[in-house]
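**Q** Below are the structure tokens for one structure; questions will follow.
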Amino acid sequence: MAQNFRLAEGGIIDRSQPLRFKFNGGSYQGYAGDTLASALLANGVHLVGRSFKYHRPRGIVSAGPEEPNALVQVGRDPRTDPNTRATQLELVEGLAARSQNCWPSVGFDIGSVNSLVARALPAGFYYKTFMWPSSWWMIYERAIRRAAGLGRSPSGRDPDRYDKTNAHCDVLVVGGGPAGLAAAQAAAEAGARVILAEQDCQMGGTLLAEPDETIGGKPALDWVAQTLIELGRNPEVRLLPRTTAFAYYDHNHLALLERVTDHLDEQPENLPRQRMWKVRAGQVVLATGAIERPLVFADNDRPGIMLAGAGRTYLNRYAVKAGASAVVFTNNDSAYGAALDLQRAGVTIAGIVDLRAAPEGPLSEQAEAAGLPILTEQAIVATRGGKRVNQVTVAPLGPEGDSVAEDGEKIECDLLLSSGGWSPTVHLFSQSKGSLAWDELHGCFLPDKPAQATHAAGACNGAFGLAACLEQGLAAGASAAAAAGFAAKGRKKRPPEATDRGFLPARWLWLVPSAKAPGRGGKQFVDQQNDVTAADLKLALREGYRSIEHVKRYTTTGMGTDQGKTANVNAIGIVAEQLGLPLPQVGVTTFRPPYTPVTFGVFAGRDMDALLDPTRKTPMDAWHARNGARFEDVGQWRRPWYYPRGRETIHEAVAREVKACRSSLGILDASTLGKIDIQGKDAAELLNRVYTNAWNKLEVGRCRYGLMLDESGMVMDDGVTARLGEHHYLMTTTSGNAAAVLGHLEDWLQCEWPELQVHLTSVTEQFATVSIAGPNARRLLGELTSNIKLAPKALPHMSFAEGTVAGIPARVFRISFTGECAYEINVPASYGMALWQTLMRSGEKYDITPYGTEAMHVLRAEKGYIIVGQETDGSVTPLDLGMDWIVSKTKDFIGKRSLTRSDMAKPDRKQLVGLLTDDPQEVLPEGAQLVETVLDKPPMAMVGHVTSSYMSPNLGRSIALALVKGGRDRLGETLHAPLEGGKSVACEITGPVFFDPEGERLRG
Amino acid sequence: MLLIPCPYCGPREESEFGYGGEAHIARPKEPESLSDEDWADYLFMVANTKGVHLERWVHSHGCRRWFNVARDTLTDEILAVYEMGQPPPKLSKRTYV
């Protein structure tokens, strides 16, 4: 299809590079330099989507990031992006896009029947209509979503790659228009490191659409090109086109989204699709420009109705006539520029409808001199046209501007450009917590007091003329550089000469009056993306909403993906008028990141799959993997879970491993246990204060079990600590808790007890730990050491010796988590594999059996040993666990005072007990709730829950540990565990120790 | 994300630090002599300041040292950092509209 609306010359597109693309199945052609929107308009396509609620036909409104309507689905699943603004999407060869929110097609959309029942869909219809019954909400929700959806998310995994990177600079300039370029220039000349980010593919901002502007007597774009050459030569300057600064966080931390490859025909292998820049800037210059506001009048949403500045941009930058016959509707001078340019390009100007009493201002005067038909103090009161505007009705305004004549003149047209003034893009300034102030003259919010090292320049700071933009840009760049320590050398740079016309004078009519009652004479759209009308705002006020934040949420104004860039100020103006308040008193709603939507992929970056979180492996990990171990994650550690032989199930493997430990010899990789080396003359005193038991009398060469509480008396960790020397201890912690325990100790040492002379060092990764357990453990170890005496009297339970094992320097601890005679052998980490292999080889004759965490859990549960985090959950005290034997009555320790709170003595606290099911083959699920009486259905009074539960091969039946209210006084009673599906398991409360309660095996 | 000037390492990203809550809460010398109410007050009751807040931070992924920070909770400005055991610096009171 020919580009019938493309001019033969002009614009900054490359006519030598035609590009084919598809839209809604149709094939079209555009040029390099086009956006999807400009290419569609070049082909005369205005109807691009259906509206959110009423499914009204919608066209392209803007030429930038503020676009509320022209959101398209791009690409093919799973490489597809929903809600993409056609106005920012660079055209590439073969691009395929389609409209959203319409079925079966954008031209014939069944959902448009919603328009006919529009009165049933007022503001807040969600809250009003779908109140009852509450259980139906999910059904309503699904139906509403389908009817009012935006684009579709990809069904599969994102095939593209994304990156994140950090950057630092002295001055970050956001916006590459005249103010931003001038700021970057001034800052760079002063010697500052500069990053300049521009969301467009080209630097230049509005100058790209202003061919008549001059700077220093030459075409403005020459100045842009020259400035870019200078900046490009400076090694301290980084230019980032196609990069949106989407968030301004604390302490000048900004997030930038760079679109790296979307505009390329081929996606290079070595580049990510998009990149997130996390910039920490010394100073920030915001030169983010301004966004034009539409006027709010009846049926202002038809395809072919767009912003005046956008019409001008399509003409001047993209060489596209958005129509053949245009009406311009304005309240200010700037829209006359569009009328003049369009007329010069051969578009008929069918009328300029001006709300003002006289066409004042430089452009208005030019238009008057050029003889354009100007209708002053008149308003558009109606528009017609199904899929494209084809007629407007113009009527004279009443004397106060709050009424309009009933009858008007009808004007035929196929393009309607509107301008309601300009809103400075203060989003980032506001995100930075800077305050905004209302500028009565320009009718807009401007940056007021910065909260961070922020400077604003150009249109976003109220400088609407080119000369003022350049002046402010240079000044902001220089002062930002100076504040960053780079004072400008030599004389102050004079801004180059340029014109300086703004858009004033203007007349502020936030809602164009209508002769008809609200809702009867067409819809006056305020927020086109969310289909919010002036009538909706009025309804919200009638229903009692006053705060603009509430009005916003009730009507959903400004809550679409465009965040109301074209809607919010109009909405505030209408609310202020209705409430009879000055506009600044109504205030602005909060600006939040992101400025424009950001794909999740770029937040994830490469932090996915194996790179999501580090996997910590022990020195013996390769052996486990080679020998078929199944692994489980314990914190970041990967630990062998069990070692199946042949086709063994987990239950068979665990049963075999558990039995081997009790009958002969088991071997466990215990390297993941946290190890903290404690040295200093006050080491014992520190242990006294952080553990519940006393440490003064522990002799060198002996070990002691300790229970660590937080200050509220709850168990936070446990482990064995050995006294290695006079002032030297080695503390072990649970595998997942090592860092937290070290942090806890450092906190107390540094902040509360700086007088204690103790040093803490994490040595978890310096040692490999192998635990051998079982009746043959001593025999095997004896064969491998000649300098450690292993006789029970020489090395009794809970003692420690140093020597060599298999020729490797080793620390041997006789401690046990299985209830068997067991040794934990610590060797330097690099010897871990050698030690393991030697033990496996020498242990063959004892049928040495490697066991994993699951068997370890069964073994310790048979003995009633707790696991912190399994039997405890942050609400369990040592008394609840029946461990008062380890709680000192005489000394103070962290958490002690909390143990004597009245609540701790309550008889119904949950206490640790054992459970034996009536059916010995039934294994309770961990986490099961326990009740005294089973009812037909919940709720039932719950008296406890199962914390650990296993099949015990040594007892030949199931065992469980549980926390039960007042459990220790209820031994012998029967409780029930009601399970899913109506089944209930009866079990008897017992003590928590099921195996070898005297501990003979342990000490033997 | 805050940029926190660690007194030992210099300015670093907030993600390198851990937060320790309000500073200058001394552990009672004789916890046993405290009533339940007084103990609960020590344990749980902290200031909820709008304005200058004295708080503890630890450079967990750096030097592992604790220090004090005076931060404006409204603007997140860091007004001072000082070592553990030091008294808070004199800062002018801030008022907000």
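Residue names in the structure tokens use chain letters A, B, ... in the order shown, residue numbers from 1 in each chain, and ligand numbers from 1 in the order shown.
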Please identify all residues of chain B having at least one atom at most 6 Å from any atom of chain A, considering only C-alpha atoms, and return them as a PyMOL selection string.
**A** chain B and resi 1-2+31-32
**Q** To test your reading of the structure, identify every residue in segment 544-731 of chain A that backbone DSSP assigns to alpha helix (DSSP H), and report it as JSON, numbers by chain.
**A** {"A": [548, 549, 550, 551, 552, 553, 554, 555, 568, 569, 570, 571, 572, 573, 574, 575, 576, 577, 578, 579, 583, 584, 585, 586, 600, 601, 602, 603, 604, 621, 622, 623, 624, 625, 626, 650, 651, 652, 653, 654, 655, 656, 657, 658, 659, 660, 661, 662, 663, 683, 684, 685, 686, 687, 688, 689, 690]}
**Q** If you count only C-alpha atoms, which residues fall within 7 Å of Trp66 of chain B, apart from same-chain ones fewer than 3 positions away, as a PyMOL selection string?
**A** (chain A and resi 750) or (chain B and resi 56-59+84)
**Q** For Gln73 of chain A, which of A:Asn24, A:Asn954, A:Thr533, A:Ser430 is the closest residue, counting only C-alpha atoms?
**A**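 Using only C-alpha atoms, the shortest distance to Gln73 of chain A belongs to A:Asn24.
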**Q** Quick one: residues within 12 Å of Asn737 of chain A, only C-alpha atoms counted, chain neighbours fewer than 2 positions away excluded, as a PyMOL selection string?
**A** chain A and resi 634-637+672-676+708+716-719+732-735+739-744+764+867-869
**Q** Using only C-alpha atoms, which protein or nucleic acid residues come within 10 Å of Gly25 of chain A? Drop anything in the same chain fewer than 5 positions from it, and give the result as a PyMOL selection string.
**A** chain A and resi 96-98
